[in-house]
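Following: one structure in structure tokens, then a few remarks.
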Amino acid sequence: MSDQDKQFMRRALELARKAELQGEVPVGAVLVADNRIIGEGWNQPITQHDPSAHAEVMALRSAGQNQENYRLPETTLYVTLEPCPMCAGAIIHARVEKVVFAAKDPRTGAAGSVFDLLPSDERFNHYTRVESGLLADESSTLLKAFFRKKRQNRSD
């Protein structure tokens, strides 16, 4: 992975920390076209009262508005956690070319951990490439600390 890939994933980690400050699961995402960020998002289902307000969906919405298009070809989505099935579907429908994620999600990951929607199933009419593991330790540490704190607060 290039230094630029790391830079984009670091921005996604900053957005994940923003989610954490709002009491959300710390996941962040940025959508990139031509080496510039065209959309950003962080988990907001609690604050937005919207079960679909995952970081990836929020980044796709932001980019769609910025580009005035619901199709986002020739883009790369950087996300701190492996996308879930809902987000994988949105990524495929948006025609995102590549997804780069940090940490695997052993519960709902749709890029090989639990489901194999990304890279896109050959039955879909669009193929999305996937790369994983970029800054995975940083993302995993952030997520583990968040859930550890939540468990401690519940037991207090």
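A note on labels: chains of the structure tokens are A, B, ... as shown, every chain counts residues from 1, and ligands are counted from 1 in their shown order.
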Name the residues of chain A that fall into strand (DSSP E or B) according to DSSP on the backbone, using the chain letters and numbers of this document, as number ranges by chain.
-> A: 28-33, 36-42, 76-81, 98-103, 111, 116, 129-132
Residue subset to file, keeping N, CA and C atoms, as a PDB file, in the first residue's frame:
```
ATOM      1  N   GLY A  28     -15.039   4.829  10.409  1.00  0.00           N
ATOM      2  CA  GLY A  28     -14.998   5.964   9.505  1.00  0.00           C
ATOM      3  C   GLY A  28     -14.705   5.509   8.093  1.00  0.00           C
ATOM      4  N   ALA A  29     -15.101   6.334   7.120  1.00  0.00           N
ATOM      5  CA  ALA A  29     -14.897   5.999   5.717  1.00  0.00           C
ATOM      6  C   ALA A  29     -14.687   7.252   4.886  1.00  0.00           C
ATOM      7  N   VAL A  30     -13.841   7.125   3.864  1.00  0.00           N
ATOM      8  CA  VAL A  30     -13.667   8.191   2.880  1.00  0.00           C
ATOM      9  C   VAL A  30     -13.724   7.577   1.487  1.00  0.00           C
ATOM     10  N   LEU A  31     -14.341   8.293   0.572  1.00  0.00           N
ATOM     11  CA  LEU A  31     -14.407   7.874  -0.821  1.00  0.00           C
ATOM     12  C   LEU A  31     -13.511   8.791  -1.633  1.00  0.00           C
ATOM     13  N   VAL A  32     -12.658   8.189  -2.441  1.00  0.00           N
ATOM     14  CA  VAL A  32     -11.625   8.926  -3.159  1.00  0.00           C
ATOM     15  C   VAL A  32     -11.781   8.730  -4.667  1.00  0.00           C
ATOM     16  N   ALA A  33     -11.639   9.832  -5.407  1.00  0.00           N
ATOM     17  CA  ALA A  33     -11.590   9.803  -6.872  1.00  0.00           C
ATOM     18  C   ALA A  33     -10.451  10.715  -7.305  1.00  0.00           C
ATOM     19  N   ARG A  36      -8.341  12.447  -4.602  1.00  0.00           N
ATOM     20  CA  ARG A  36      -8.896  13.448  -3.684  1.00  0.00           C
ATOM     21  C   ARG A  36     -10.175  12.893  -3.056  1.00  0.00           C
ATOM     22  N   ILE A  37     -10.419  13.310  -1.841  1.00  0.00           N
ATOM     23  CA  ILE A  37     -11.600  12.848  -1.121  1.00  0.00           C
ATOM     24  C   ILE A  37     -12.831  13.553  -1.670  1.00  0.00           C
ATOM     25  N   ILE A  38     -13.816  12.748  -2.087  1.00  0.00           N
ATOM     26  CA  ILE A  38     -15.069  13.319  -2.601  1.00  0.00           C
ATOM     27  C   ILE A  38     -16.242  13.053  -1.659  1.00  0.00           C
ATOM     28  N   GLY A  39     -16.026  12.213  -0.647  1.00  0.00           N
ATOM     29  CA  GLY A  39     -17.079  11.934   0.319  1.00  0.00           C
ATOM     30  C   GLY A  39     -16.490  11.380   1.599  1.00  0.00           C
ATOM     31  N   GLU A  40     -17.091  11.764   2.722  1.00  0.00           N
ATOM     32  CA  GLU A  40     -16.646  11.278   4.030  1.00  0.00           C
ATOM     33  C   GLU A  40     -17.856  10.832   4.833  1.00  0.00           C
ATOM     34  N   GLY A  41     -17.620   9.890   5.739  1.00  0.00           N
ATOM     35  CA  GLY A  41     -18.688   9.456   6.610  1.00  0.00           C
ATOM     36  C   GLY A  41     -18.156   8.762   7.847  1.00  0.00           C
ATOM     37  N   TRP A  42     -18.971   8.749   8.866  1.00  0.00           N
ATOM     38  CA  TRP A  42     -18.668   8.016  10.089  1.00  0.00           C
ATOM     39  C   TRP A  42     -19.983   7.445  10.590  1.00  0.00           C
ATOM     40  N   THR A  76     -12.364   4.740  -4.935  1.00  0.00           N
ATOM     41  CA  THR A  76     -11.886   3.810  -3.915  1.00  0.00           C
ATOM     42  C   THR A  76     -12.462   4.244  -2.578  1.00  0.00           C
ATOM     43  N   LEU A  77     -13.040   3.294  -1.863  1.00  0.00           N
ATOM     44  CA  LEU A  77     -13.582   3.542  -0.533  1.00  0.00           C
ATOM     45  C   LEU A  77     -12.613   2.998   0.495  1.00  0.00           C
ATOM     46  N   TYR A  78     -12.161   3.869   1.392  1.00  0.00           N
ATOM     47  CA  TYR A  78     -11.293   3.483   2.504  1.00  0.00           C
ATOM     48  C   TYR A  78     -12.174   3.453   3.747  1.00  0.00           C
ATOM     49  N   VAL A  79     -12.201   2.312   4.437  1.00  0.00           N
ATOM     50  CA  VAL A  79     -13.059   2.178   5.609  1.00  0.00           C
ATOM     51  C   VAL A  79     -12.314   1.413   6.694  1.00  0.00           C
ATOM     52  N   THR A  80     -12.541   1.806   7.936  1.00  0.00           N
ATOM     53  CA  THR A  80     -11.768   1.258   9.044  1.00  0.00           C
ATOM     54  C   THR A  80     -12.218  -0.137   9.480  1.00  0.00           C
ATOM     55  N   LEU A  81     -13.383  -0.585   9.025  1.00  0.00           N
ATOM     56  CA  LEU A  81     -13.891  -1.911   9.370  1.00  0.00           C
ATOM     57  C   LEU A  81     -14.494  -2.548   8.122  1.00  0.00           C
ATOM     58  N   LYS A  98     -13.070  -0.020  -5.924  1.00  0.00           N
ATOM     59  CA  LYS A  98     -12.224  -0.748  -4.972  1.00  0.00           C
ATOM     60  C   LYS A  98     -12.567  -0.339  -3.549  1.00  0.00           C
ATOM     61  N   VAL A  99     -12.501  -1.307  -2.649  1.00  0.00           N
ATOM     62  CA  VAL A  99     -12.658  -1.065  -1.216  1.00  0.00           C
ATOM     63  C   VAL A  99     -11.367  -1.473  -0.530  1.00  0.00           C
ATOM     64  N   VAL A 100     -10.859  -0.578   0.305  1.00  0.00           N
ATOM     65  CA  VAL A 100      -9.700  -0.869   1.137  1.00  0.00           C
ATOM     66  C   VAL A 100     -10.182  -0.755   2.576  1.00  0.00           C
ATOM     67  N   PHE A 101     -10.134  -1.873   3.313  1.00  0.00           N
ATOM     68  CA  PHE A 101     -10.571  -1.795   4.706  1.00  0.00           C
ATOM     69  C   PHE A 101      -9.446  -2.202   5.646  1.00  0.00           C
ATOM     70  N   ALA A 102      -9.542  -1.712   6.866  1.00  0.00           N
ATOM     71  CA  ALA A 102      -8.511  -1.956   7.878  1.00  0.00           C
ATOM     72  C   ALA A 102      -8.764  -3.288   8.590  1.00  0.00           C
ATOM     73  N   ALA A 103      -9.701  -3.294   9.530  1.00  0.00           N
ATOM     74  CA  ALA A 103      -9.928  -4.467  10.383  1.00  0.00           C
ATOM     75  C   ALA A 103     -11.021  -5.365   9.823  1.00  0.00           C
ATOM     76  N   ALA A 111     -16.826  -9.060   3.205  1.00  0.00           N
ATOM     77  CA  ALA A 111     -15.728  -9.113   2.238  1.00  0.00           C
ATOM     78  C   ALA A 111     -14.863 -10.337   2.512  1.00  0.00           C
ATOM     79  N   ASP A 116     -19.398 -13.422   1.462  1.00  0.00           N
ATOM     80  CA  ASP A 116     -18.516 -13.141   0.328  1.00  0.00           C
ATOM     81  C   ASP A 116     -19.222 -12.293  -0.722  1.00  0.00           C
ATOM     82  N   ARG A 129     -13.159  -4.565  -6.402  1.00  0.00           N
ATOM     83  CA  ARG A 129     -11.934  -5.166  -5.850  1.00  0.00           C
ATOM     84  C   ARG A 129     -11.839  -4.833  -4.369  1.00  0.00           C
ATOM     85  N   VAL A 130     -11.114  -5.683  -3.626  1.00  0.00           N
ATOM     86  CA  VAL A 130     -10.963  -5.491  -2.179  1.00  0.00           C
ATOM     87  C   VAL A 130      -9.513  -5.699  -1.769  1.00  0.00           C
ATOM     88  N   GLU A 131      -9.050  -4.821  -0.885  1.00  0.00           N
ATOM     89  CA  GLU A 131      -7.765  -4.986  -0.212  1.00  0.00           C
ATOM     90  C   GLU A 131      -8.027  -4.785   1.271  1.00  0.00           C
ATOM     91  N   SER A 132      -7.353  -5.558   2.099  1.00  0.00           N
ATOM     92  CA  SER A 132      -7.606  -5.466   3.540  1.00  0.00           C
ATOM     93  C   SER A 132      -6.303  -5.371   4.316  1.00  0.00           C
TER      94      SER A 132
END
```
Surrounding residues of region 17-22 of chain A excluding itself and chain neighbours under 6 positions, 12 Å, only C-alpha atoms, as a list of chain:residue names = A:Arg10, A:Arg11, A:Gly28, A:Ala29, A:Glu40, A:Gly41, A:Trp42, A:Asn43, A:Gln44, A:Pro45, A:Ile46, A:Thr47, A:Gln48, A:Ala53, A:His54, A:Ala55, A:Met58, A:Thr80, A:Glu138, A:Ser139, A:Thr141, A:Leu142, A:Leu143, A:Lys144, A:Ala145, A:Phe146, A:Phe147, A:Lys149, A:Lys150
Export of prior selection with N, CA, C and O atoms as a short mmCIF file (atom, residue, chain, number, x, y, z; two decimals), in the first residue's frame:
```
data_model
loop_
_atom_site.label_atom_id
_atom_site.label_comp_id
_atom_site.auth_asym_id
_atom_site.auth_seq_id
_atom_site.Cartn_x
_atom_site.Cartn_y
_atom_site.Cartn_z
N ARG A 10 -5.84 7.02 7.31
CA ARG A 10 -5.69 7.83 8.54
C ARG A 10 -6.85 8.82 8.67
O ARG A 10 -7.35 9.06 9.76
N ARG A 11 -7.28 9.38 7.56
CA ARG A 11 -8.45 10.28 7.60
C ARG A 11 -9.68 9.49 8.02
O ARG A 11 -10.49 9.98 8.82
N GLY A 28 -15.04 4.83 10.41
CA GLY A 28 -15.00 5.96 9.50
C GLY A 28 -14.70 5.51 8.09
O GLY A 28 -14.13 4.43 7.89
N ALA A 29 -15.10 6.33 7.12
CA ALA A 29 -14.90 6.00 5.72
C ALA A 29 -14.69 7.25 4.89
O ALA A 29 -15.28 8.29 5.17
N GLU A 40 -17.09 11.76 2.72
CA GLU A 40 -16.65 11.28 4.03
C GLU A 40 -17.86 10.83 4.83
O GLU A 40 -18.96 11.35 4.65
N GLY A 41 -17.62 9.89 5.74
CA GLY A 41 -18.69 9.46 6.61
C GLY A 41 -18.16 8.76 7.85
O GLY A 41 -17.02 8.29 7.87
N TRP A 42 -18.97 8.75 8.87
CA TRP A 42 -18.67 8.02 10.09
C TRP A 42 -19.98 7.45 10.59
O TRP A 42 -21.06 7.89 10.19
N ASN A 43 -19.88 6.42 11.42
CA ASN A 43 -21.09 5.78 11.93
C ASN A 43 -21.97 6.80 12.65
O ASN A 43 -21.50 7.53 13.51
N GLN A 44 -23.27 6.81 12.29
CA GLN A 44 -24.22 7.74 12.90
C GLN A 44 -25.62 7.16 13.08
O GLN A 44 -26.58 7.92 13.15
N PRO A 45 -25.79 5.83 13.15
CA PRO A 45 -27.15 5.32 13.26
C PRO A 45 -27.88 5.78 14.53
O PRO A 45 -29.09 6.02 14.49
N ILE A 46 -27.16 5.92 15.63
CA ILE A 46 -27.80 6.34 16.88
C ILE A 46 -28.18 7.82 16.81
O ILE A 46 -29.33 8.19 17.06
N THR A 47 -27.20 8.66 16.43
CA THR A 47 -27.47 10.11 16.41
C THR A 47 -28.43 10.50 15.31
O THR A 47 -29.20 11.45 15.48
N GLN A 48 -28.44 9.79 14.20
CA GLN A 48 -29.35 10.10 13.09
C GLN A 48 -30.68 9.36 13.17
O GLN A 48 -31.55 9.59 12.33
N ALA A 53 -27.32 4.41 8.58
CA ALA A 53 -26.32 5.48 8.65
C ALA A 53 -24.94 4.94 9.08
O ALA A 53 -24.29 5.48 9.97
N HIS A 54 -24.51 3.89 8.40
CA HIS A 54 -23.15 3.38 8.62
C HIS A 54 -22.16 4.30 7.92
O HIS A 54 -22.52 5.04 6.99
N ALA A 55 -20.91 4.22 8.33
CA ALA A 55 -19.87 5.10 7.78
C ALA A 55 -19.80 5.03 6.26
O ALA A 55 -19.71 6.06 5.58
N MET A 58 -22.80 6.73 4.64
CA MET A 58 -22.70 8.18 4.79
C MET A 58 -21.66 8.76 3.82
O MET A 58 -21.88 9.82 3.23
N THR A 80 -12.54 1.81 7.94
CA THR A 80 -11.77 1.26 9.04
C THR A 80 -12.22 -0.14 9.48
O THR A 80 -11.50 -0.80 10.22
N GLU A 138 -4.38 -0.31 14.23
CA GLU A 138 -4.92 0.94 14.79
C GLU A 138 -6.44 0.87 14.87
O GLU A 138 -7.04 1.27 15.87
N SER A 139 -7.06 0.37 13.83
CA SER A 139 -8.52 0.28 13.82
C SER A 139 -9.01 -0.72 14.85
O SER A 139 -9.95 -0.45 15.60
N THR A 141 -7.54 -1.71 17.59
CA THR A 141 -7.31 -1.16 18.93
C THR A 141 -8.41 -0.18 19.30
O THR A 141 -8.94 -0.22 20.41
N LEU A 142 -8.77 0.69 18.37
CA LEU A 142 -9.84 1.67 18.61
C LEU A 142 -11.17 0.97 18.90
O LEU A 142 -11.87 1.31 19.87
N LEU A 143 -11.51 -0.02 18.09
CA LEU A 143 -12.77 -0.75 18.28
C LEU A 143 -12.79 -1.53 19.59
O LEU A 143 -13.78 -1.50 20.34
N LYS A 144 -11.70 -2.23 19.88
CA LYS A 144 -11.64 -3.03 21.12
C LYS A 144 -11.76 -2.14 22.35
O LYS A 144 -12.46 -2.48 23.30
N ALA A 145 -11.07 -1.01 22.35
CA ALA A 145 -11.14 -0.08 23.49
C ALA A 145 -12.56 0.46 23.65
O ALA A 145 -13.06 0.58 24.77
N PHE A 146 -13.22 0.77 22.54
CA PHE A 146 -14.60 1.27 22.60
C PHE A 146 -15.53 0.25 23.25
O PHE A 146 -16.29 0.58 24.16
N PHE A 147 -15.47 -1.00 22.79
CA PHE A 147 -16.36 -2.03 23.33
C PHE A 147 -15.99 -2.42 24.76
O PHE A 147 -16.87 -2.71 25.57
N LYS A 149 -14.83 -0.33 27.00
CA LYS A 149 -15.38 0.77 27.80
C LYS A 149 -16.90 0.61 27.95
O LYS A 149 -17.45 0.81 29.03
N LYS A 150 -17.58 0.23 26.87
CA LYS A 150 -19.04 0.02 26.93
C LYS A 150 -19.39 -1.09 27.92
O LYS A 150 -20.34 -0.96 28.70
#
```
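If you count only C-alpha atoms and ignore residues fewer than 3 places along the chain from Glu82 (chain A), what sits within 6 Å of it is Phe101, Lys104, Asp105 and Gly109 of chain A.
With distances restricted to only C-alpha atoms, A:Cys84 is the closest residue to Thr108 (chain A) from A:Cys84, A:Lys6, A:Asn153, A:Leu13.
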Quick one: pick out all alpha helix (DSSP H) residues within region 9-103 of chain A from a backbone DSSP run and write them as a VMD selection string.
-> chain A and resid 9 to 21 45 to 48 55 to 67 85 to 94
Could you write out that same residue set with N, CA and C atoms as a short mmCIF file (atom, residue, chain, number, x, y, z; two decimals), in the first residue's frame?
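Saved to out39.cif:
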```cif
data_model
loop_
_atom_site.label_atom_id
_atom_site.label_comp_id
_atom_site.auth_asym_id
_atom_site.auth_seq_id
_atom_site.Cartn_x
_atom_site.Cartn_y
_atom_site.Cartn_z
N MET A 9 -6.55 6.31 4.75
CA MET A 9 -7.03 5.48 5.85
C MET A 9 -6.88 6.23 7.18
N ARG A 10 -5.84 7.02 7.31
CA ARG A 10 -5.69 7.83 8.54
C ARG A 10 -6.85 8.82 8.67
N ARG A 11 -7.28 9.38 7.56
CA ARG A 11 -8.45 10.28 7.60
C ARG A 11 -9.68 9.49 8.02
N ALA A 12 -9.85 8.28 7.52
CA ALA A 12 -10.97 7.45 7.94
C ALA A 12 -10.90 7.16 9.44
N LEU A 13 -9.70 6.95 9.96
CA LEU A 13 -9.54 6.73 11.41
C LEU A 13 -9.91 7.99 12.20
N GLU A 14 -9.58 9.16 11.67
CA GLU A 14 -10.00 10.41 12.33
C GLU A 14 -11.52 10.48 12.41
N LEU A 15 -12.19 10.09 11.33
CA LEU A 15 -13.65 10.11 11.30
C LEU A 15 -14.21 9.05 12.26
N ALA A 16 -13.52 7.93 12.40
CA ALA A 16 -13.95 6.90 13.36
C ALA A 16 -13.90 7.46 14.79
N ARG A 17 -12.87 8.23 15.06
CA ARG A 17 -12.78 8.85 16.40
C ARG A 17 -13.91 9.86 16.61
N LYS A 18 -14.33 10.53 15.56
CA LYS A 18 -15.46 11.45 15.64
C LYS A 18 -16.72 10.68 16.00
N ALA A 19 -16.90 9.51 15.38
CA ALA A 19 -18.05 8.66 15.71
C ALA A 19 -18.01 8.27 17.18
N GLU A 20 -16.84 7.89 17.66
CA GLU A 20 -16.69 7.48 19.06
C GLU A 20 -17.07 8.60 20.01
N LEU A 21 -16.66 9.83 19.69
CA LEU A 21 -17.00 10.98 20.53
C LEU A 21 -18.51 11.21 20.60
N PRO A 45 -25.79 5.83 13.15
CA PRO A 45 -27.15 5.32 13.26
C PRO A 45 -27.88 5.78 14.53
N ILE A 46 -27.16 5.92 15.63
CA ILE A 46 -27.80 6.34 16.88
C ILE A 46 -28.18 7.82 16.81
N THR A 47 -27.20 8.66 16.43
CA THR A 47 -27.47 10.11 16.41
C THR A 47 -28.43 10.50 15.31
N GLN A 48 -28.44 9.79 14.20
CA GLN A 48 -29.35 10.10 13.09
C GLN A 48 -30.68 9.36 13.17
N ALA A 55 -20.91 4.22 8.33
CA ALA A 55 -19.87 5.10 7.78
C ALA A 55 -19.80 5.03 6.26
N GLU A 56 -19.86 3.81 5.72
CA GLU A 56 -19.75 3.65 4.28
C GLU A 56 -20.91 4.31 3.55
N VAL A 57 -22.11 4.10 4.04
CA VAL A 57 -23.30 4.69 3.42
C VAL A 57 -23.24 6.21 3.50
N MET A 58 -22.80 6.73 4.64
CA MET A 58 -22.70 8.18 4.79
C MET A 58 -21.66 8.76 3.82
N ALA A 59 -20.55 8.06 3.62
CA ALA A 59 -19.53 8.52 2.66
C ALA A 59 -20.08 8.47 1.24
N LEU A 60 -20.83 7.41 0.91
CA LEU A 60 -21.43 7.31 -0.42
C LEU A 60 -22.46 8.42 -0.63
N ARG A 61 -23.27 8.70 0.38
CA ARG A 61 -24.27 9.79 0.27
C ARG A 61 -23.57 11.13 0.04
N SER A 62 -22.53 11.38 0.82
CA SER A 62 -21.78 12.63 0.70
C SER A 62 -21.19 12.76 -0.70
N ALA A 63 -20.57 11.70 -1.19
CA ALA A 63 -19.97 11.73 -2.52
C ALA A 63 -21.03 11.89 -3.60
N GLY A 64 -22.15 11.20 -3.45
CA GLY A 64 -23.24 11.32 -4.43
C GLY A 64 -23.72 12.76 -4.55
N GLN A 65 -23.86 13.42 -3.40
CA GLN A 65 -24.27 14.83 -3.41
C GLN A 65 -23.19 15.69 -4.06
N ASN A 66 -21.94 15.45 -3.69
CA ASN A 66 -20.84 16.25 -4.24
C ASN A 66 -20.68 16.07 -5.74
N GLN A 67 -20.89 14.84 -6.22
CA GLN A 67 -20.72 14.53 -7.63
C GLN A 67 -22.01 14.68 -8.43
N PRO A 85 -23.11 -6.61 5.08
CA PRO A 85 -23.86 -6.89 3.86
C PRO A 85 -24.63 -5.68 3.32
N MET A 86 -25.24 -4.88 4.20
CA MET A 86 -25.97 -3.70 3.73
C MET A 86 -25.03 -2.75 3.01
N CYS A 87 -23.88 -2.48 3.61
CA CYS A 87 -22.92 -1.55 3.01
C CYS A 87 -22.33 -2.13 1.74
N ALA A 88 -22.08 -3.44 1.71
CA ALA A 88 -21.57 -4.08 0.50
C ALA A 88 -22.55 -3.88 -0.64
N GLY A 89 -23.83 -4.04 -0.37
CA GLY A 89 -24.84 -3.81 -1.40
C GLY A 89 -24.82 -2.39 -1.92
N ALA A 90 -24.71 -1.43 -1.01
CA ALA A 90 -24.65 -0.01 -1.43
C ALA A 90 -23.40 0.26 -2.25
N ILE A 91 -22.28 -0.34 -1.86
CA ILE A 91 -21.02 -0.17 -2.58
C ILE A 91 -21.14 -0.71 -4.01
N ILE A 92 -21.74 -1.87 -4.13
CA ILE A 92 -21.93 -2.48 -5.45
C ILE A 92 -22.85 -1.61 -6.31
N HIS A 93 -23.98 -1.18 -5.74
CA HIS A 93 -24.93 -0.36 -6.51
C HIS A 93 -24.33 0.98 -6.92
N ALA A 94 -23.42 1.52 -6.11
CA ALA A 94 -22.77 2.79 -6.44
C ALA A 94 -21.66 2.61 -7.48
#
```
d(CA of Tyr127 (chain A), CA of Pro73 (chain A)) in Å | 10.8 Å
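Distance-wise, CA of Val27 (chain A) and CA of Ser52 (chain A) end up 13.5 Å apart.
Closest approach to Glu97 (chain A) among A:Ala136, A:Glu24, A:Glu74, A:Met1: A:Glu74, based on only C-alpha atoms.
Of note, CA of Ala110 (chain A) and CA of Arg151 (chain A) are spaced 25.6 Å apart.
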